[in-house]
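S.K.: Sharing a structure here in structure tokens format.
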Amino acid sequence: EPPVPAIGPLTGRHVLVTSGPTHEPIDPVRYIANRSSGAQGTAIAAALRDLGARVSFVTGPAEIPPPAGVEVIRVQTAREMREAVEAALPADAAVMAAAVADWRVANAQDHKIKKDGIGSAPVLEFSENPDILAWIGRLREGRPRLVVGFAAETDDVLAHASAKLQRKRADWIVANDVSPATGIMGGTENAVTLITADGAEAWPRMPKDEVARKLAARIAEALGQPPQ
Ligand code: CTP
Ligand code: CA
């Protein structure tokens, strides 16, 4: 039976969430991608849904299934993701949790690349993908009121994350340290710092579901009471 929509502080709001990796083809059987399970984006979409939001969930090929009770838009590449995001607007808020591949293969082949039998390897050429967060953050018309980005860094976390807030015109950046020693990458917990125009707020390490609930509550607070 269809799930009963939750009634909550985000009832009547539309929130867009990107999640998962993108896959950028090399040929029909090979691709390049970032590491991303999709766990944090999926948890955020579920938490927003639980507060009553209508959620558009634009996801690349993630390891874990999308949550129930959200509108799922499946994409493969960064360019498809950008178009799906545009098609899902307008939205009250956008949360860009996807690990978008920064580059696509410019010389991708329509046919499987075969080994040449003499040990030489193909040379890949790359072009930069659209920056979906920067695009939505800088929208002149139809920009969501609250634009939230992520910054997974291994060094100088706060400096890099604050630079991203500025450069992409995001309202908030959820920053985390993903250096191998933290064990965050691929795990079930996350330790994030919420960066806003007012400063940086470090949250204790907690399960990704809990980070998601805390973030969803902050989004509801920021959007305020919906019009009756
Ligand atoms: N992002 C995006 N589209 C891209 C690249 C990134 O929407 N093509 C978004 C991510 O979803 C995330 C934020 O931008 O919310 C930061 O991503 P990140 O990879 O940390 O930033 P980049 O600008 O790509 O910088 P770099 O990878 O060089 O650190
Ligand atoms: Ca990147």
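Please note that chains go A, B, ... in the order of the structure tokens, that every chain numbers its residues from 1, and that ligands are numbered from 1 in the order shown.
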Quick one: residues within 12 Å of Ala200 in chain A, only C-alpha atoms counted, chain neighbours fewer than 3 positions away excluded, as a list in words?

M.R.: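 With the cut-off at 12 Å, the set is Val157, Leu158, Ala159, Ala161, Ser162, Leu165, Trp172, Ile173, Val174, Ala175, Asn176, Val192, Thr193, Leu194, Ile195, Thr196, Ala197 and Trp203 of chain A.
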
S.K.: Show me which residues line ligand 2, defined as having an atom within 7 Å of a ligand atom where only C-alpha atoms and all ligand atoms count, and present them as a list in words.

M.R.: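 Taking only C-alpha atoms and all ligand atoms into account, the residues around ligand 2 at most 7 Å away are Ala99, Val100, Ala101 and Asp102 of chain A.
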
S.K.: Taking 3 positions as the minimum chain separation for residues in the same chain, which residues sit within 6 Å of range 143-145 of chain A when counting only C-alpha atoms? Answer as a short mmCIF file (atom, residue, chain, number, x, y, z; two decimals) with N, CA and C atoms, in the first residue's frame.

M.R.:
```
data_model
loop_
_atom_site.label_atom_id
_atom_site.label_comp_id
_atom_site.auth_asym_id
_atom_site.auth_seq_id
_atom_site.Cartn_x
_atom_site.Cartn_y
_atom_site.Cartn_z
N ALA A 91 12.03 24.48 -6.37
CA ALA A 91 12.08 23.81 -5.06
C ALA A 91 12.34 24.87 -3.99
N ASP A 92 11.89 24.59 -2.78
CA ASP A 92 12.15 25.51 -1.67
C ASP A 92 13.59 25.40 -1.19
N ALA A 93 14.13 24.18 -1.25
CA ALA A 93 15.51 23.96 -0.82
C ALA A 93 16.12 22.88 -1.70
N LEU A 139 21.85 30.66 -9.77
CA LEU A 139 20.65 30.90 -10.58
C LEU A 139 20.08 32.29 -10.31
#
```

S.K.: Can I get the residues close to ligand 1 as a list in words, where close means within 6 Å and we count only C-alpha atoms and all ligand atoms?

M.R.: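 So the residues close to ligand 1 are Met96, Ala97, Ala98, Ala99, Val100, Asp102, Asn129, Pro130, Asp131, Ile132, Leu133, Gly149, Phe150, Ala151 and Ala152 of chain A.
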
S.K.: Taking into account only C-alpha atoms, which residue in the set A:Pro90, A:Ala181, A:Ser120, A:Gly199 is nearest to Arg13 in chain A?

M.R.: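 Comparing A:Pro90, A:Ala181, A:Ser120, A:Gly199 against Arg13 in chain A, the winner is A:Pro90.
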
S.K.: Tell me which protein, DNA and RNA residues are within 9 Å of range 84-89 of chain A, counting only C-alpha atoms, leaving out same-chain ones fewer than 2 positions away, and put them as a PDB file with N, CA and C atoms, in the first residue's frame.

M.R.:
```pdb
ATOM      1  N   HIS A  14       8.785  21.649  -1.103  1.00  0.00           N
ATOM      2  CA  HIS A  14       9.428  20.760  -2.068  1.00  0.00           C
ATOM      3  C   HIS A  14      10.935  20.878  -1.900  1.00  0.00           C
ATOM      4  N   LEU A  16      14.738  19.290  -3.111  1.00  0.00           N
ATOM      5  CA  LEU A  16      15.474  18.517  -4.109  1.00  0.00           C
ATOM      6  C   LEU A  16      16.739  17.972  -3.453  1.00  0.00           C
ATOM      7  N   VAL A  17      17.024  16.698  -3.656  1.00  0.00           N
ATOM      8  CA  VAL A  17      18.247  16.099  -3.102  1.00  0.00           C
ATOM      9  C   VAL A  17      18.989  15.395  -4.231  1.00  0.00           C
ATOM     10  N   THR A  18      20.287  15.674  -4.393  1.00  0.00           N
ATOM     11  CA  THR A  18      21.108  14.846  -5.285  1.00  0.00           C
ATOM     12  C   THR A  18      21.904  13.881  -4.424  1.00  0.00           C
ATOM     13  N   SER A  56      12.219  15.402  -4.237  1.00  0.00           N
ATOM     14  CA  SER A  56      12.701  14.896  -5.528  1.00  0.00           C
ATOM     15  C   SER A  56      14.128  14.419  -5.318  1.00  0.00           C
ATOM     16  N   VAL A  58      17.280  12.945  -6.922  1.00  0.00           N
ATOM     17  CA  VAL A  58      18.004  12.728  -8.186  1.00  0.00           C
ATOM     18  C   VAL A  58      19.266  11.942  -7.857  1.00  0.00           C
ATOM     19  N   ILE A  73      14.479  10.052  -9.363  1.00  0.00           N
ATOM     20  CA  ILE A  73      14.887  10.311 -10.744  1.00  0.00           C
ATOM     21  C   ILE A  73      16.287   9.729 -10.900  1.00  0.00           C
ATOM     22  N   ARG A  74      16.406   8.669 -11.671  1.00  0.00           N
ATOM     23  CA  ARG A  74      17.698   7.983 -11.823  1.00  0.00           C
ATOM     24  C   ARG A  74      18.461   8.530 -13.007  1.00  0.00           C
ATOM     25  N   VAL A  75      19.743   8.828 -12.786  1.00  0.00           N
ATOM     26  CA  VAL A  75      20.610   9.313 -13.853  1.00  0.00           C
ATOM     27  C   VAL A  75      21.933   8.549 -13.799  1.00  0.00           C
ATOM     28  N   ARG A  79      26.046  15.324 -16.545  1.00  0.00           N
ATOM     29  CA  ARG A  79      25.205  16.165 -17.412  1.00  0.00           C
ATOM     30  C   ARG A  79      23.737  15.767 -17.295  1.00  0.00           C
ATOM     31  N   GLU A  80      23.473  14.462 -17.177  1.00  0.00           N
ATOM     32  CA  GLU A  80      22.086  14.026 -16.960  1.00  0.00           C
ATOM     33  C   GLU A  80      21.576  14.510 -15.606  1.00  0.00           C
ATOM     34  N   MET A  81      22.453  14.504 -14.609  1.00  0.00           N
ATOM     35  CA  MET A  81      22.043  14.949 -13.276  1.00  0.00           C
ATOM     36  C   MET A  81      21.689  16.437 -13.295  1.00  0.00           C
ATOM     37  N   ARG A  82      22.492  17.237 -13.969  1.00  0.00           N
ATOM     38  CA  ARG A  82      22.200  18.671 -14.024  1.00  0.00           C
ATOM     39  C   ARG A  82      20.840  18.914 -14.686  1.00  0.00           C
ATOM     40  N   ALA A  91      12.028  24.480  -6.368  1.00  0.00           N
ATOM     41  CA  ALA A  91      12.083  23.813  -5.061  1.00  0.00           C
ATOM     42  C   ALA A  91      12.337  24.871  -3.992  1.00  0.00           C
ATOM     43  N   ASP A  92      11.890  24.591  -2.782  1.00  0.00           N
ATOM     44  CA  ASP A  92      12.148  25.512  -1.672  1.00  0.00           C
ATOM     45  C   ASP A  92      13.587  25.397  -1.193  1.00  0.00           C
ATOM     46  N   ILE A 132      26.969  21.335 -10.666  1.00  0.00           N
ATOM     47  CA  ILE A 132      25.522  21.454 -10.467  1.00  0.00           C
ATOM     48  C   ILE A 132      25.225  22.375  -9.290  1.00  0.00           C
ATOM     49  N   ILE A 136      23.168  25.911  -9.538  1.00  0.00           N
ATOM     50  CA  ILE A 136      21.919  26.215  -8.822  1.00  0.00           C
ATOM     51  C   ILE A 136      22.134  27.382  -7.855  1.00  0.00           C
ATOM     52  N   GLY A 142      14.490  31.574 -10.036  1.00  0.00           N
ATOM     53  CA  GLY A 142      14.081  30.232  -9.605  1.00  0.00           C
ATOM     54  C   GLY A 142      15.092  29.535  -8.717  1.00  0.00           C
ATOM     55  N   ARG A 143      15.994  30.305  -8.096  1.00  0.00           N
ATOM     56  CA  ARG A 143      16.942  29.685  -7.161  1.00  0.00           C
ATOM     57  C   ARG A 143      16.193  29.238  -5.912  1.00  0.00           C
ATOM     58  N   PRO A 144      16.404  27.990  -5.470  1.00  0.00           N
ATOM     59  CA  PRO A 144      15.797  27.584  -4.197  1.00  0.00           C
ATOM     60  C   PRO A 144      16.244  28.541  -3.082  1.00  0.00           C
TER      61      PRO A 144
END
```

S.K.: Closest to Pro65 in chain A among A:Gly8, A:Pro122, A:Gly41, A:Gly52, using only C-alpha atoms?

M.R.: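 Checking each candidate against Pro65 in chain A, we get A:Gly41 as the closest.
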
S.K.: DSSP on the backbone: which residues in range 65-154 of chain A end up as strand (DSSP E or B)? Give the answer as a list in words.

M.R.: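 Strand (DSSP E or B) assignments inside range 65-154 of chain A correspond to Glu71, Val72, Ile73, Arg74, Ala93, Ala94, Val95, Met96, Ala99, Trp103, Arg104, Val105, Phe126, Ser127, Glu128, Leu146, Val147, Val148, Gly149, Phe150, Ala151, Ala152 and Glu153 of chain A.
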
S.K.: Skip range 204-206 of chain A itself and residues of its chain fewer than 6 positions away, then list as a list in words all residues within 7 Å of it, counting only C-alpha atoms.

M.R.: Glu189, Asn190 and Ala191 of chain A

S.K.: Write a file of the selected residues as a PDB file, in the first residue's frame, keeping C-alpha atoms.

M.R.:
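Saved result, out27.pdb, follows:
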```pdb
ATOM      1  CA  GLU A 189      28.954   7.317  10.832  1.00  0.00           C
ATOM      2  CA  ASN A 190      29.818  10.864   9.887  1.00  0.00           C
ATOM      3  CA  ALA A 191      31.449  13.795  11.657  1.00  0.00           C
TER       4      ALA A 191
END
```

S.K.: From a DSSP calculation on the backbone, collect every residue of range 52-213 of chain A in helix (DSSP H, G or I) and output the set as a ChimeraX atom specification.

M.R.: /A:78-88,132-137,157-167,180-182,208-213

S.K.: Export, as an mmCIF file, in the first residue's frame, the selected residues with N, CA and C atoms.

M.R.:
```
data_model
loop_
_atom_site.group_PDB
_atom_site.id
_atom_site.type_symbol
_atom_site.label_atom_id
_atom_site.label_comp_id
_atom_site.auth_asym_id
_atom_site.auth_seq_id
_atom_site.Cartn_x
_atom_site.Cartn_y
_atom_site.Cartn_z
ATOM 1 N N ALA A 78 26.942 13.223 -14.971
ATOM 2 C CA ALA A 78 26.788 14.558 -14.385
ATOM 3 C C ALA A 78 25.886 15.439 -15.246
ATOM 4 N N ARG A 79 26.046 15.324 -16.545
ATOM 5 C CA ARG A 79 25.205 16.165 -17.412
ATOM 6 C C ARG A 79 23.737 15.767 -17.295
ATOM 7 N N GLU A 80 23.473 14.462 -17.177
ATOM 8 C CA GLU A 80 22.086 14.026 -16.960
ATOM 9 C C GLU A 80 21.576 14.510 -15.606
ATOM 10 N N MET A 81 22.453 14.504 -14.609
ATOM 11 C CA MET A 81 22.043 14.949 -13.276
ATOM 12 C C MET A 81 21.689 16.437 -13.295
ATOM 13 N N ARG A 82 22.492 17.237 -13.969
ATOM 14 C CA ARG A 82 22.200 18.671 -14.024
ATOM 15 C C ARG A 82 20.840 18.914 -14.686
ATOM 16 N N GLU A 83 20.580 18.185 -15.771
ATOM 17 C CA GLU A 83 19.297 18.354 -16.472
ATOM 18 C C GLU A 83 18.119 17.889 -15.619
ATOM 19 N N ALA A 84 18.313 16.816 -14.879
ATOM 20 C CA ALA A 84 17.241 16.306 -14.011
ATOM 21 C C ALA A 84 16.959 17.287 -12.874
ATOM 22 N N VAL A 85 18.016 17.915 -12.378
ATOM 23 C CA VAL A 85 17.859 18.913 -11.314
ATOM 24 C C VAL A 85 17.061 20.105 -11.850
ATOM 25 N N GLU A 86 17.424 20.560 -13.033
ATOM 26 C CA GLU A 86 16.709 21.688 -13.635
ATOM 27 C C GLU A 86 15.233 21.341 -13.842
ATOM 28 N N ALA A 87 14.976 20.117 -14.306
ATOM 29 C CA ALA A 87 13.599 19.696 -14.570
ATOM 30 C C ALA A 87 12.783 19.578 -13.285
ATOM 31 N N ALA A 88 13.460 19.330 -12.158
ATOM 32 C CA ALA A 88 12.753 19.149 -10.883
ATOM 33 C C ALA A 88 12.420 20.479 -10.211
ATOM 34 N N ILE A 132 26.969 21.335 -10.666
ATOM 35 C CA ILE A 132 25.522 21.454 -10.467
ATOM 36 C C ILE A 132 25.225 22.375 -9.290
ATOM 37 N N LEU A 133 26.012 22.246 -8.225
ATOM 38 C CA LEU A 133 25.810 23.127 -7.057
ATOM 39 C C LEU A 133 26.086 24.582 -7.421
ATOM 40 N N ALA A 134 27.176 24.840 -8.135
ATOM 41 C CA ALA A 134 27.501 26.220 -8.519
ATOM 42 C C ALA A 134 26.427 26.774 -9.453
ATOM 43 N N TRP A 135 25.920 25.897 -10.310
ATOM 44 C CA TRP A 135 24.875 26.324 -11.243
ATOM 45 C C TRP A 135 23.611 26.740 -10.482
ATOM 46 N N ILE A 136 23.168 25.911 -9.538
ATOM 47 C CA ILE A 136 21.919 26.215 -8.822
ATOM 48 C C ILE A 136 22.134 27.382 -7.855
ATOM 49 N N GLY A 137 23.329 27.447 -7.252
ATOM 50 C CA GLY A 137 23.624 28.528 -6.310
ATOM 51 C C GLY A 137 23.628 29.897 -6.973
ATOM 52 N N VAL A 157 40.153 21.169 5.938
ATOM 53 C CA VAL A 157 38.721 20.979 5.695
ATOM 54 C C VAL A 157 37.954 22.308 5.719
ATOM 55 N N LEU A 158 38.141 23.087 6.781
ATOM 56 C CA LEU A 158 37.338 24.303 6.926
ATOM 57 C C LEU A 158 37.674 25.339 5.855
ATOM 58 N N ALA A 159 38.948 25.482 5.532
ATOM 59 C CA ALA A 159 39.352 26.460 4.513
ATOM 60 C C ALA A 159 38.767 26.095 3.152
ATOM 61 N N HIS A 160 38.889 24.816 2.786
ATOM 62 C CA HIS A 160 38.358 24.398 1.486
ATOM 63 C C HIS A 160 36.838 24.513 1.449
ATOM 64 N N ALA A 161 36.199 24.135 2.556
ATOM 65 C CA ALA A 161 34.735 24.159 2.588
ATOM 66 C C ALA A 161 34.210 25.597 2.537
ATOM 67 N N SER A 162 34.848 26.500 3.249
ATOM 68 C CA SER A 162 34.414 27.904 3.213
ATOM 69 C C SER A 162 34.617 28.491 1.820
ATOM 70 N N ALA A 163 35.704 28.114 1.166
ATOM 71 C CA ALA A 163 35.945 28.590 -0.204
ATOM 72 C C ALA A 163 34.834 28.105 -1.130
ATOM 73 N N LYS A 164 34.370 26.863 -0.898
ATOM 74 C CA LYS A 164 33.288 26.319 -1.735
ATOM 75 C C LYS A 164 31.977 27.055 -1.491
ATOM 76 N N LEU A 165 31.731 27.405 -0.221
ATOM 77 C CA LEU A 165 30.515 28.171 0.104
ATOM 78 C C LEU A 165 30.463 29.448 -0.740
ATOM 79 N N GLN A 166 31.583 30.158 -0.779
ATOM 80 C CA GLN A 166 31.673 31.413 -1.524
ATOM 81 C C GLN A 166 31.572 31.178 -3.027
ATOM 82 N N ARG A 167 32.430 30.281 -3.504
ATOM 83 C CA ARG A 167 32.576 30.100 -4.953
ATOM 84 C C ARG A 167 31.278 29.619 -5.577
ATOM 85 N N PRO A 180 41.710 8.890 5.275
ATOM 86 C CA PRO A 180 41.611 7.477 5.644
ATOM 87 C C PRO A 180 41.638 7.237 7.157
ATOM 88 N N ALA A 181 42.424 7.996 7.896
ATOM 89 C CA ALA A 181 42.557 7.790 9.343
ATOM 90 C C ALA A 181 41.224 7.964 10.088
ATOM 91 N N THR A 182 40.287 8.766 9.550
ATOM 92 C CA THR A 182 39.010 8.996 10.230
ATOM 93 C C THR A 182 38.085 7.786 10.105
ATOM 94 N N LYS A 208 25.037 8.308 10.285
ATOM 95 C CA LYS A 208 24.629 9.135 9.143
ATOM 96 C C LYS A 208 23.129 9.472 9.201
ATOM 97 N N ASP A 209 22.317 8.546 9.697
ATOM 98 C CA ASP A 209 20.881 8.797 9.843
ATOM 99 C C ASP A 209 20.619 9.970 10.782
ATOM 100 N N GLU A 210 21.451 10.057 11.794
ATOM 101 C CA GLU A 210 21.261 11.128 12.775
ATOM 102 C C GLU A 210 21.723 12.476 12.220
ATOM 103 N N VAL A 211 22.828 12.467 11.489
ATOM 104 C CA VAL A 211 23.268 13.682 10.779
ATOM 105 C C VAL A 211 22.124 14.158 9.876
ATOM 106 N N ALA A 212 21.501 13.203 9.194
ATOM 107 C CA ALA A 212 20.423 13.527 8.265
ATOM 108 C C ALA A 212 19.237 14.158 8.989
ATOM 109 N N ARG A 213 18.866 13.580 10.139
ATOM 110 C CA ARG A 213 17.717 14.114 10.883
ATOM 111 C C ARG A 213 18.005 15.518 11.414
#
```

S.K.: Would you work out the distance separating CA of Pro61 in chain A from CA of His23 in chain A, expressed in Å to one decimal?

M.R.: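 Between CA of Pro61 in chain A and CA of His23 in chain A the gap works out to 7.3 Å.
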
S.K.: Might you pull out every residue within 8 Å of Ala108 in chain A, with only C-alpha atoms counted and same-chain residues fewer than 3 positions away left off, and present them as a ChimeraX atom specification?

M.R.: /A:25-27,105,124

S.K.: Smallest atom-to-atom distance to Ala217 in chain A: which of A:Arg30, A:Arg104, A:Arg49, A:His111, using only C-alpha atoms?

M.R.: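 Looking only at the distances to Ala217 in chain A, the closest residue turns out to be A:Arg49.
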
S.K.: Quick check, in Å to one decimal: how far apart do CA of Asp110 in chain A and CA of Glu24 in chain A lie?

M.R.: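 Going from CA of Asp110 in chain A over to CA of Glu24 in chain A, I get 12.9 Å.
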
S.K.: My list of candidates is A:Ser127, A:Asn107, A:Thr11, A:Ser36. Which is closest to Arg54 in chain A when distances are computed with only C-alpha atoms?

M.R.: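 When distances to Arg54 in chain A are compared using only C-alpha atoms, the smallest one comes from A:Thr11.
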